[in-house]
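The file entry_10.pdb comes next; it holds PDB, C-alpha atoms.
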```pdb
ATOM      1  CA  MET A 273     128.723  -7.494 127.814
ATOM      2  CA  THR A 274     128.060  -6.111 131.280
ATOM      3  CA  ALA A 275     124.379  -6.191 132.241
ATOM      4  CA  PHE A 276     122.782  -3.004 133.572
ATOM      5  CA  SER A 277     120.064  -2.980 136.233
ATOM      6  CA  VAL A 278     118.255  -0.453 138.437
ATOM      7  CA  LEU A 279     118.148  -0.045 142.216
ATOM      8  CA  ASP A 280     115.249   2.087 143.418
ATOM      9  CA  LEU A 281     115.040   3.479 146.959
ATOM     10  CA  ALA A 282     111.507   4.784 146.295
ATOM     11  CA  PRO A 283     112.539   8.322 147.309
ATOM     12  CA  ILE A 284     110.055  10.440 149.241
ATOM     13  CA  THR A 285     110.568  14.103 148.395
ATOM     14  CA  ALA A 286     110.135  17.087 150.700
ATOM     15  CA  ASP A 287     106.940  18.125 148.895
ATOM     16  CA  GLY A 288     105.627  14.569 148.432
ATOM     17  CA  ASP A 289     104.602  11.514 150.419
ATOM     18  CA  ALA A 290     104.891   7.722 150.297
ATOM     19  CA  THR A 291     101.912   7.389 147.958
ATOM     20  CA  HIS A 292     103.550   9.706 145.452
ATOM     21  CA  ALA A 293     106.899   7.928 145.833
ATOM     22  CA  LEU A 294     105.441   4.481 145.246
ATOM     23  CA  HIS A 295     103.516   5.588 142.167
ATOM     24  CA  ASN A 296     106.798   6.993 140.854
ATOM     25  CA  THR A 297     108.417   3.607 141.517
ATOM     26  CA  LEU A 298     105.834   1.827 139.379
ATOM     27  CA  ASP A 299     106.318   4.363 136.596
ATOM     28  CA  LEU A 300     110.120   4.100 136.742
ATOM     29  CA  ALA A 301     109.988   0.296 136.706
ATOM     30  CA  GLN A 302     107.894   0.327 133.546
ATOM     31  CA  HIS A 303     110.313   2.846 132.058
ATOM     32  CA  ALA A 304     113.308   0.657 132.992
ATOM     33  CA  GLU A 305     111.675  -2.362 131.383
ATOM     34  CA  ALA A 306     110.989  -0.440 128.161
ATOM     35  CA  LEU A 307     114.638   0.681 128.140
ATOM     36  CA  GLY A 308     115.879  -2.918 128.404
ATOM     37  CA  PHE A 309     117.371  -3.017 131.899
ATOM     38  CA  GLN A 310     118.070  -6.487 133.319
ATOM     39  CA  ARG A 311     116.421  -6.226 136.730
ATOM     40  CA  TYR A 312     114.704  -3.769 139.077
ATOM     41  CA  TRP A 313     115.531  -4.043 142.772
ATOM     42  CA  LEU A 314     114.161  -2.346 145.871
ATOM     43  CA  ALA A 315     115.756  -2.057 149.294
ATOM     44  CA  GLU A 316     114.551  -2.561 152.855
ATOM     45  CA  HIS A 317     115.116   0.505 155.043
ATOM     46  CA  HIS A 318     113.137   1.433 158.148
ATOM     47  CA  ASN A 319     112.321   4.692 159.929
ATOM     48  CA  MET A 320     113.797   6.660 157.017
ATOM     49  CA  PRO A 321     111.735   9.734 156.043
ATOM     50  CA  GLY A 322     113.125   9.676 152.506
ATOM     51  CA  ILE A 323     112.559   5.991 151.611
ATOM     52  CA  ALA A 324     109.176   4.358 150.934
ATOM     53  CA  SER A 325     110.239   0.722 150.368
ATOM     54  CA  ALA A 326     110.217  -0.547 153.981
ATOM     55  CA  ALA A 327     107.642  -3.250 153.144
ATOM     56  CA  THR A 328     109.921  -4.478 150.394
ATOM     57  CA  ALA A 329     108.137  -7.692 149.407
ATOM     58  CA  VAL A 330     104.849  -5.804 149.065
ATOM     59  CA  VAL A 331     106.405  -3.219 146.748
ATOM     60  CA  ILE A 332     108.142  -5.938 144.716
ATOM     61  CA  GLY A 333     104.764  -7.571 144.126
ATOM     62  CA  GLN A 334     103.310  -4.313 142.861
ATOM     63  CA  VAL A 335     106.280  -3.688 140.563
ATOM     64  CA  ALA A 336     106.129  -7.223 139.178
ATOM     65  CA  ALA A 337     102.403  -6.794 138.525
ATOM     66  CA  ALA A 338     103.011  -3.514 136.692
ATOM     67  CA  THR A 339     105.708  -5.012 134.417
ATOM     68  CA  GLN A 340     105.959  -8.053 132.157
ATOM     69  CA  ARG A 341     109.549  -9.158 131.563
ATOM     70  CA  ILE A 342     112.069  -7.388 133.785
ATOM     71  CA  ARG A 343     113.344  -9.307 136.815
ATOM     72  CA  VAL A 344     112.201  -7.764 140.103
ATOM     73  CA  GLY A 345     113.794  -8.304 143.471
ATOM     74  CA  ALA A 346     115.192  -7.166 146.782
ATOM     75  CA  GLY A 347     118.453  -5.371 147.102
ATOM     76  CA  GLY A 348     117.937  -6.331 149.708
ATOM     77  CA  ILE A 349     115.979  -7.951 152.486
ATOM     78  CA  MET A 350     117.724  -7.422 155.830
ATOM     79  CA  LEU A 351     117.604 -10.970 157.095
ATOM     80  CA  PRO A 352     118.241 -10.217 160.804
ATOM     81  CA  ASN A 353     114.824  -8.523 160.848
ATOM     82  CA  HIS A 354     112.952 -11.656 159.751
ATOM     83  CA  ALA A 355     112.588 -15.382 160.256
ATOM     84  CA  PRO A 356     114.001 -17.172 157.182
ATOM     85  CA  LEU A 357     110.784 -19.170 156.834
ATOM     86  CA  VAL A 358     108.724 -15.978 156.513
ATOM     87  CA  ILE A 359     111.024 -14.626 153.793
ATOM     88  CA  ALA A 360     110.952 -17.974 151.969
ATOM     89  CA  GLU A 361     107.152 -17.917 152.032
ATOM     90  CA  GLN A 362     106.990 -14.289 150.859
ATOM     91  CA  PHE A 363     109.392 -14.762 147.963
ATOM     92  CA  GLY A 364     108.021 -18.192 147.178
ATOM     93  CA  THR A 365     104.634 -16.516 146.822
ATOM     94  CA  LEU A 366     106.085 -13.800 144.594
ATOM     95  CA  ASN A 367     107.811 -16.392 142.432
ATOM     96  CA  ALA A 368     104.610 -18.432 142.179
ATOM     97  CA  LEU A 369     102.793 -15.337 140.930
ATOM     98  CA  TYR A 370     105.619 -14.167 138.629
ATOM     99  CA  PRO A 371     107.611 -17.313 137.746
ATOM    100  CA  GLY A 372     111.244 -16.834 136.844
ATOM    101  CA  ARG A 373     111.231 -13.080 137.484
ATOM    102  CA  ILE A 374     111.956 -12.801 141.219
ATOM    103  CA  ASP A 375     115.357 -12.237 142.888
ATOM    104  CA  LEU A 376     116.149 -12.237 146.601
ATOM    105  CA  GLY A 377     119.178 -10.320 147.810
ATOM    106  CA  VAL A 378     119.832 -10.621 151.554
ATOM    107  CA  GLY A 379     122.004  -8.571 153.879
ATOM    108  CA  ARG A 380     123.036  -8.846 157.507
ATOM    109  CA  ALA A 381     122.529  -5.209 158.521
ATOM    110  CA  PRO A 382     119.188  -4.097 160.014
ATOM    111  CA  GLY A 383     118.731  -1.321 157.447
ATOM    112  CA  THR A 384     118.110   1.281 160.115
ATOM    113  CA  ASP A 385     119.321   2.788 163.401
ATOM    114  CA  PRO A 386     119.898   0.658 166.544
ATOM    115  CA  THR A 387     116.721   1.816 168.286
ATOM    116  CA  THR A 388     114.528   0.948 165.305
ATOM    117  CA  ALA A 389     116.383  -2.347 164.905
ATOM    118  CA  ARG A 390     115.366  -3.320 168.417
ATOM    119  CA  ALA A 391     111.757  -2.435 167.600
ATOM    120  CA  LEU A 392     111.927  -4.660 164.510
ATOM    121  CA  ARG A 393     113.588  -7.636 166.124
ATOM    122  CA  ARG A 394     111.832  -7.543 169.503
ATOM    123  CA  ALA A 395     114.930  -9.324 170.793
ATOM    124  CA  PRO A 396     118.469  -8.569 172.068
ATOM    125  CA  ASP A 397     121.359  -8.196 169.662
ATOM    126  CA  ILE A 398     121.714 -11.183 167.364
ATOM    127  CA  ASP A 399     124.717 -13.504 167.333
ATOM    128  CA  PRO A 400     127.002 -12.439 164.437
ATOM    129  CA  ASP A 401     127.183 -16.079 163.335
ATOM    130  CA  GLN A 402     123.406 -16.147 162.945
ATOM    131  CA  PHE A 403     123.380 -14.601 159.463
ATOM    132  CA  PRO A 404     125.230 -17.489 157.735
ATOM    133  CA  ARG A 405     122.935 -19.950 159.499
ATOM    134  CA  ASP A 406     119.876 -17.964 158.420
ATOM    135  CA  VAL A 407     121.060 -17.910 154.795
ATOM    136  CA  ALA A 408     121.614 -21.673 154.839
ATOM    137  CA  GLU A 409     118.148 -22.179 156.326
ATOM    138  CA  LEU A 410     116.618 -19.901 153.690
ATOM    139  CA  LEU A 411     118.311 -21.791 150.853
ATOM    140  CA  GLY A 412     117.013 -25.030 152.296
ATOM    141  CA  TYR A 413     113.434 -23.804 152.106
ATOM    142  CA  PHE A 414     113.832 -23.086 148.366
ATOM    143  CA  ASP A 415     115.349 -26.503 147.674
ATOM    144  CA  ALA A 416     113.331 -29.584 146.797
ATOM    145  CA  PRO A 417     111.650 -30.784 150.011
ATOM    146  CA  GLN A 418     112.875 -34.002 151.588
ATOM    147  CA  PRO A 419     110.436 -36.771 152.583
ATOM    148  CA  ASP A 420     111.249 -36.371 156.282
ATOM    149  CA  GLN A 421     111.293 -32.559 156.226
ATOM    150  CA  VAL A 422     108.984 -31.286 158.954
ATOM    151  CA  ILE A 423     108.911 -27.573 158.059
ATOM    152  CA  ARG A 424     108.405 -26.463 154.478
ATOM    153  CA  ALA A 425     107.904 -23.086 152.828
ATOM    154  CA  ILE A 426     104.576 -23.226 151.022
ATOM    155  CA  PRO A 427     104.843 -21.568 148.533
ATOM    156  CA  GLY A 428     108.602 -21.675 148.163
ATOM    157  CA  ALA A 429     109.708 -25.299 148.420
ATOM    158  CA  GLY A 430     111.420 -26.452 145.249
ATOM    159  CA  GLN A 431     111.212 -23.057 143.537
ATOM    160  CA  HIS A 432     114.960 -22.302 143.661
ATOM    161  CA  VAL A 433     114.433 -18.537 143.908
ATOM    162  CA  PRO A 434     117.864 -16.973 143.182
ATOM    163  CA  VAL A 435     119.452 -15.786 146.427
ATOM    164  CA  TRP A 436     122.183 -13.123 146.399
ATOM    165  CA  ILE A 437     124.470 -12.062 149.240
ATOM    166  CA  LEU A 438     124.650  -8.301 149.693
ATOM    167  CA  GLY A 439     127.544  -6.619 151.428
ATOM    168  CA  SER A 440     129.800  -3.638 151.906
ATOM    169  CA  SER A 441     132.650  -5.455 153.675
ATOM    170  CA  LEU A 442     134.757  -8.585 153.384
ATOM    171  CA  PHE A 443     132.279 -10.624 155.446
ATOM    172  CA  GLY A 444     129.634 -10.787 152.723
ATOM    173  CA  ALA A 445     132.230 -11.479 150.041
ATOM    174  CA  GLN A 446     133.625 -14.430 151.959
ATOM    175  CA  LEU A 447     130.170 -15.844 152.714
ATOM    176  CA  ALA A 448     129.016 -15.538 149.092
ATOM    177  CA  ALA A 449     132.220 -17.263 147.949
ATOM    178  CA  GLN A 450     131.904 -20.118 150.449
ATOM    179  CA  MET A 451     128.232 -20.726 149.632
ATOM    180  CA  GLY A 452     128.660 -20.351 145.858
ATOM    181  CA  LEU A 453     126.155 -17.511 145.534
ATOM    182  CA  PRO A 454     126.068 -14.327 143.443
ATOM    183  CA  TYR A 455     127.375 -11.258 145.251
ATOM    184  CA  ALA A 456     126.155  -7.655 145.179
ATOM    185  CA  PHE A 457     128.418  -4.990 146.667
ATOM    186  CA  ALA A 458     126.994  -1.717 147.973
ATOM    187  CA  SER A 459     129.604   0.481 146.321
ATOM    188  CA  HIS A 460     126.962   3.149 145.638
ATOM    189  CA  PHE A 461     127.232   4.292 149.266
ATOM    190  CA  ALA A 462     130.042   2.280 150.921
ATOM    191  CA  PRO A 463     132.848   1.855 148.380
ATOM    192  CA  GLY A 464     135.758   1.573 150.811
ATOM    193  CA  HIS A 465     136.324  -2.203 150.667
ATOM    194  CA  LEU A 466     135.183  -2.736 147.086
ATOM    195  CA  MET A 467     138.368  -4.000 145.448
ATOM    196  CA  ASN A 468     139.416  -6.175 148.391
ATOM    197  CA  ALA A 469     135.930  -7.693 148.568
ATOM    198  CA  LEU A 470     135.928  -8.498 144.855
ATOM    199  CA  GLU A 471     139.350 -10.128 145.035
ATOM    200  CA  LEU A 472     138.301 -12.205 148.036
ATOM    201  CA  TYR A 473     135.009 -13.268 146.465
ATOM    202  CA  ARG A 474     136.555 -14.296 143.167
ATOM    203  CA  SER A 475     139.599 -16.053 144.611
ATOM    204  CA  GLN A 476     137.676 -18.065 147.220
ATOM    205  CA  PHE A 477     134.538 -18.844 145.204
ATOM    206  CA  ARG A 478     133.320 -22.432 145.389
ATOM    207  CA  PRO A 479     130.951 -23.624 142.636
ATOM    208  CA  SER A 480     127.574 -24.723 143.930
ATOM    209  CA  ALA A 481     124.219 -26.003 142.733
ATOM    210  CA  TRP A 482     123.210 -22.343 142.521
ATOM    211  CA  LEU A 483     126.155 -20.923 140.569
ATOM    212  CA  ASP A 484     129.132 -22.410 138.734
ATOM    213  CA  ARG A 485     131.369 -19.324 138.667
ATOM    214  CA  PRO A 486     131.575 -16.044 140.591
ATOM    215  CA  TYR A 487     129.127 -13.347 139.566
ATOM    216  CA  ALA A 488     129.474  -9.847 141.004
ATOM    217  CA  MET A 489     126.992  -7.002 140.669
ATOM    218  CA  LEU A 490     128.131  -3.568 141.846
ATOM    219  CA  GLY A 491     126.059  -0.609 142.999
ATOM    220  CA  TYR A 492     126.774   2.643 141.171
ATOM    221  CA  ASN A 493     125.295   6.145 141.293
ATOM    222  CA  VAL A 494     124.406   7.664 137.929
ATOM    223  CA  TYR A 495     123.130  11.205 137.492
ATOM    224  CA  ALA A 496     122.913  11.826 133.774
ATOM    225  CA  ALA A 497     121.572  15.017 132.210
ATOM    226  CA  ASP A 498     122.022  17.087 129.082
ATOM    227  CA  SER A 499     124.961  18.950 130.628
ATOM    228  CA  ASP A 500     127.549  18.305 133.325
ATOM    229  CA  ALA A 501     126.342  21.316 135.309
ATOM    230  CA  GLU A 502     122.718  20.143 135.301
ATOM    231  CA  ALA A 503     123.729  16.660 136.408
ATOM    232  CA  ARG A 504     125.839  17.999 139.282
ATOM    233  CA  THR A 505     122.881  20.026 140.465
ATOM    234  CA  LEU A 506     120.564  16.995 140.266
ATOM    235  CA  ALA A 507     122.995  14.925 142.327
ATOM    236  CA  SER A 508     122.979  17.503 145.106
ATOM    237  CA  SER A 509     119.677  16.154 146.427
ATOM    238  CA  MET A 510     121.347  12.815 147.202
ATOM    239  CA  GLU A 511     124.414  14.590 148.567
ATOM    240  CA  GLN A 512     122.170  16.467 150.985
ATOM    241  CA  ALA A 513     120.599  13.171 152.035
ATOM    242  CA  PHE A 514     123.988  11.642 152.864
ATOM    243  CA  VAL A 515     125.049  14.674 154.886
ATOM    244  CA  SER A 516     121.766  14.704 156.808
ATOM    245  CA  LEU A 517     122.084  10.996 157.528
ATOM    246  CA  ARG A 518     125.624  11.408 158.884
ATOM    247  CA  ARG A 519     124.359  14.230 161.087
ATOM    248  CA  GLY A 520     121.812  11.829 162.538
ATOM    249  CA  ARG A 521     118.857  13.724 161.076
ATOM    250  CA  PRO A 522     117.611  11.808 158.021
ATOM    251  CA  GLU A 523     115.033  13.701 155.994
ATOM    252  CA  PRO A 524     113.012  13.467 152.772
ATOM    253  CA  ILE A 525     114.788  14.168 149.488
ATOM    254  CA  GLN A 526     115.368  17.906 149.254
ATOM    255  CA  PRO A 527     115.288  20.175 146.192
ATOM    256  CA  PRO A 528     118.621  20.381 144.356
ATOM    257  CA  VAL A 529     121.030  23.169 145.240
ATOM    258  CA  GLU A 530     123.393  24.536 142.624
ATOM    259  CA  GLY A 531     127.000  24.427 143.825
ATOM    260  CA  TYR A 532     126.032  22.418 146.926
ATOM    261  CA  ARG A 533     129.395  20.703 147.451
ATOM    262  CA  GLU A 534     131.212  24.027 147.387
ATOM    263  CA  ARG A 535     129.039  25.235 150.283
ATOM    264  CA  LEU A 536     130.029  22.359 152.575
ATOM    265  CA  ASP A 537     132.771  22.521 155.162
ATOM    266  CA  ARG A 538     135.804  20.295 154.761
ATOM    267  CA  ALA A 539     134.442  17.409 156.870
ATOM    268  CA  GLU A 540     131.056  17.357 155.148
ATOM    269  CA  ARG A 541     132.610  17.540 151.713
ATOM    270  CA  ALA A 542     134.814  14.578 152.606
ATOM    271  CA  ILE A 543     131.687  12.620 153.605
ATOM    272  CA  VAL A 544     130.064  13.300 150.242
ATOM    273  CA  GLU A 545     133.193  12.566 148.229
ATOM    274  CA  GLN A 546     133.851   9.312 150.090
ATOM    275  CA  THR A 547     130.254   8.087 150.032
ATOM    276  CA  MET A 548     129.716   8.913 146.361
ATOM    277  CA  ALA A 549     133.125   7.843 145.097
ATOM    278  CA  CYS A 550     131.471   5.292 142.799
ATOM    279  CA  SER A 551     129.405   7.698 140.728
ATOM    280  CA  ALA A 552     129.034   9.041 137.213
ATOM    281  CA  ILE A 553     127.619  12.557 137.220
ATOM    282  CA  GLY A 554     127.364  14.516 134.001
ATOM    283  CA  ALA A 555     126.324  14.608 130.362
ATOM    284  CA  PRO A 556     126.328  11.286 128.452
ATOM    285  CA  ASP A 557     129.966  11.535 127.329
ATOM    286  CA  THR A 558     131.091  12.183 130.914
ATOM    287  CA  VAL A 559     128.952   9.348 132.256
ATOM    288  CA  GLU A 560     130.269   6.964 129.610
ATOM    289  CA  THR A 561     133.879   7.774 130.471
ATOM    290  CA  GLU A 562     133.284   7.229 134.195
ATOM    291  CA  ILE A 563     131.380   3.973 133.733
ATOM    292  CA  ARG A 564     133.983   2.583 131.332
ATOM    293  CA  GLN A 565     136.729   3.315 133.852
ATOM    294  CA  PHE A 566     134.752   1.697 136.650
ATOM    295  CA  LEU A 567     134.057  -1.430 134.605
ATOM    296  CA  ASP A 568     137.694  -1.675 133.527
ATOM    297  CA  GLN A 569     138.807  -1.322 137.148
ATOM    298  CA  THR A 570     136.377  -3.836 138.644
ATOM    299  CA  GLY A 571     135.421  -6.257 135.873
ATOM    300  CA  ALA A 572     131.844  -6.144 137.139
ATOM    301  CA  ASP A 573     129.528  -8.759 135.687
ATOM    302  CA  GLU A 574     126.604  -6.422 136.251
ATOM    303  CA  LEU A 575     126.113  -2.790 137.204
ATOM    304  CA  ILE A 576     123.067  -1.811 139.247
ATOM    305  CA  ILE A 577     122.575   1.921 139.007
ATOM    306  CA  THR A 578     120.670   4.140 141.398
ATOM    307  CA  THR A 579     119.444   7.684 140.873
ATOM    308  CA  SER A 580     117.493   9.467 143.609
ATOM    309  CA  THR A 581     116.426  12.895 142.396
ATOM    310  CA  TYR A 582     113.926  15.445 143.636
ATOM    311  CA  ASP A 583     112.252  15.674 140.256
ATOM    312  CA  HIS A 584     110.864  12.415 138.889
ATOM    313  CA  THR A 585     111.018  13.618 135.286
ATOM    314  CA  ALA A 586     114.740  14.226 135.715
ATOM    315  CA  ARG A 587     115.141  10.700 137.076
ATOM    316  CA  ARG A 588     113.358   9.245 134.044
ATOM    317  CA  ARG A 589     115.604  11.292 131.774
ATOM    318  CA  SER A 590     118.711  10.134 133.629
ATOM    319  CA  LEU A 591     117.640   6.525 133.102
ATOM    320  CA  GLU A 592     117.110   7.152 129.381
ATOM    321  CA  LEU A 593     120.590   8.630 129.024
ATOM    322  CA  SER A 594     122.046   5.775 131.085
ATOM    323  CA  ALA A 595     120.485   3.287 128.662
ATOM    324  CA  GLU A 596     122.033   5.160 125.745
ATOM    325  CA  VAL A 597     125.438   5.002 127.436
ATOM    326  CA  ARG A 598     124.943   1.287 128.154
ATOM    327  CA  ASP A 599     124.253   0.633 124.479
ATOM    328  CA  ARG A 600     127.279   2.649 123.384
ATOM    329  CA  ILE A 601     129.507   0.667 125.726
ATOM    330  CA  ALA A 602     128.030  -2.618 124.451
ATOM    331  CA  ARG A 603     128.801  -1.625 120.858
TER     332      ARG A 603
END
```
Here is the file; what I need is its structure written in the form of structure tokens.
Amino acid sequence: MTAFSVLDLAPITADGDATHALHNTLDLAQHAEALGFQRYWLAEHHNMPGIASAATAVVIGQVAAATQRIRVGAGGIMLPNHAPLVIAEQFGTLNALYPGRIDLGVGRAPGTDPTTARALRRAPDIDPDQFPRDVAELLGYFDAPQPDQVIRAIPGAGQHVPVWILGSSLFGAQLAAQMGLPYAFASHFAPGHLMNALELYRSQFRPSAWLDRPYAMLGYNVYAADSDAEARTLASSMEQAFVSLRRGRPEPIQPPVEGYRERLDRAERAIVEQTMACSAIGAPDTVETEIRQFLDQTGADELIITTSTYDHTARRRSLELSAEVRDRIAR
């Protein structure tokens, strides 16, 4: 049985603000837990008017406090923005407060534009080989401390917080395979290298103290509603966000527009179709068909679904219908 989880970008809508978005996140996390989803992840993005989860560890703590059983984590922390020791301390603290419920997904992108990345790092461009070294250092902080170890993560040492490698290219797949770590692919917005990355990860995987066999979780957009037409309209808010981002003018989540794709020019429509290639948009039967095909094609161990809508009630409803589809597939 494929596990189903939720990725939340804490969307800020055009008529809302970060406070509203974060309260919606807490509500959706409780809803996801009640619906039986495996985990609830949040992502680190900076200088993005439509995303409220920049301080990812802080939001994870609030979500974990508002829930009881569901795993909560980062999908992910952009490791080039941080010292590994700081992240080990943050997630060691979270795991000390919520034992056995915290995940840490790490990526090598900055999660923002180059100018903002420089403001975050306060340093020149980082050596591309630094990310594997940072991951190894991070894992070391979660391992049992050695007697001669000078620097320890407190909290964090010996807690073995699960670390995932995030990626949208072959680099992350190869690193996750070499280090024997679970792998999460960002197919919900960058599906181009999905199948090649999965093949590479699975064929080159080396068992480790962390994981004995490859485990791949794939990002997937789901916009479920009572009709195909309603779902397509709901998804238009995210389609607008992708187009705005490619234009270099990111903005808060906009109200849905009926027939939005048909209004785009050829180049913009290609952007939307390429970016959202891994999506199920429609009534439950349509969503079930699309998800089944995706699972058959990829053999995903876990599906992490994301749904950014303008209307929070519609997002809750989409999650409910997604849970129904999940249960039908399991049966």
* To do: Translate the PyMOL selection byres ((chain A and resi 462-476) around 7), as applied to the file shown, into an explicit residue set as a list in words.
  => Ser440, Ser441, Leu442, Ala445, Gln446, Ala448, Ala449, Gln450, Ala458, Ser459, His460, Phe461, Phe477, Arg478, Pro486, Thr547, Ala549 and Cys550 of chain A
Filtering to C-alpha atoms, could you give me those residues as an mmCIF file, in the coordinates of the input?
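Saved the output as result.cif:
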```
data_model
loop_
_atom_site.group_PDB
_atom_site.id
_atom_site.type_symbol
_atom_site.label_atom_id
_atom_site.label_comp_id
_atom_site.auth_asym_id
_atom_site.auth_seq_id
_atom_site.Cartn_x
_atom_site.Cartn_y
_atom_site.Cartn_z
ATOM 1 C CA SER A 440 129.800 -3.638 151.906
ATOM 2 C CA SER A 441 132.650 -5.455 153.675
ATOM 3 C CA LEU A 442 134.757 -8.585 153.384
ATOM 4 C CA ALA A 445 132.230 -11.479 150.041
ATOM 5 C CA GLN A 446 133.625 -14.430 151.959
ATOM 6 C CA ALA A 448 129.016 -15.538 149.092
ATOM 7 C CA ALA A 449 132.220 -17.263 147.949
ATOM 8 C CA GLN A 450 131.904 -20.118 150.449
ATOM 9 C CA ALA A 458 126.994 -1.717 147.973
ATOM 10 C CA SER A 459 129.604 0.481 146.321
ATOM 11 C CA HIS A 460 126.962 3.149 145.638
ATOM 12 C CA PHE A 461 127.232 4.292 149.266
ATOM 13 C CA PHE A 477 134.538 -18.844 145.204
ATOM 14 C CA ARG A 478 133.320 -22.432 145.389
ATOM 15 C CA PRO A 486 131.575 -16.044 140.591
ATOM 16 C CA THR A 547 130.254 8.087 150.032
ATOM 17 C CA ALA A 549 133.125 7.843 145.097
ATOM 18 C CA CYS A 550 131.471 5.292 142.799
#
```
* Could you tell me which residues the PyMOL selection byres ((chain A and resi 569-581) around 6) grabs in this file, written as a ChimeraX atom specification? => /A:274-279,488-494,566-568,582-583,587
Could those selected residues go to a file with C-alpha atoms, as a compact mmCIF listing (two decimals), keeping the file's coordinate frame?
```
# COMPACT_ATOMS: atom_id res chain seq x y z
CA THR A 274 128.06 -6.11 131.28
CA ALA A 275 124.38 -6.19 132.24
CA PHE A 276 122.78 -3.00 133.57
CA SER A 277 120.06 -2.98 136.23
CA VAL A 278 118.26 -0.45 138.44
CA LEU A 279 118.15 -0.04 142.22
CA ALA A 488 129.47 -9.85 141.00
CA MET A 489 126.99 -7.00 140.67
CA LEU A 490 128.13 -3.57 141.85
CA GLY A 491 126.06 -0.61 143.00
CA TYR A 492 126.77 2.64 141.17
CA ASN A 493 125.30 6.14 141.29
CA VAL A 494 124.41 7.66 137.93
CA PHE A 566 134.75 1.70 136.65
CA LEU A 567 134.06 -1.43 134.60
CA ASP A 568 137.69 -1.68 133.53
CA TYR A 582 113.93 15.44 143.64
CA ASP A 583 112.25 15.67 140.26
CA ARG A 587 115.14 10.70 137.08
```
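The space separating atom CA of A:Gly372 from atom CA of A:Leu351 comes to 22.0 Å.
Closest approach to A:His318 among A:Gly428, A:Pro522, A:Pro454, A:Gly377 is made by A:Pro522 (distances from all atoms listed in the file).
Among the candidates A:His295, A:Arg424, A:Arg380, A:Arg311, the residue lying nearest to A:Asp406 is A:Arg380 (atoms considered: all atoms listed in the file).
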* To do: Dig up all the protein and nucleic acid residues within 12 Å of (114.5, -17.7, 159.4) in the file frame, using only C-alpha atoms, and format them as a PyMOL selection string.
  => chain A and resi 350-362+378+402-413+423-425
* To do: In the coordinates of the file, take the point (117.0, 0.3, 152.2) and a cut-off of 10 Å; then, counting only C-alpha atoms, name each qualifying protein, DNA or RNA residue as JSON, numbers by chain.
  => {"A": [280, 281, 282, 314, 315, 316, 317, 318, 320, 323, 324, 325, 326, 328, 346, 347, 348, 349, 350, 382, 383, 384]}
* Asked: When distances are computed from only C-alpha atoms, which of A:Pro386, A:Pro321, A:Pro371, A:Gly430 shows the smallest separation from A:Ala336?
  -> A:Pro371
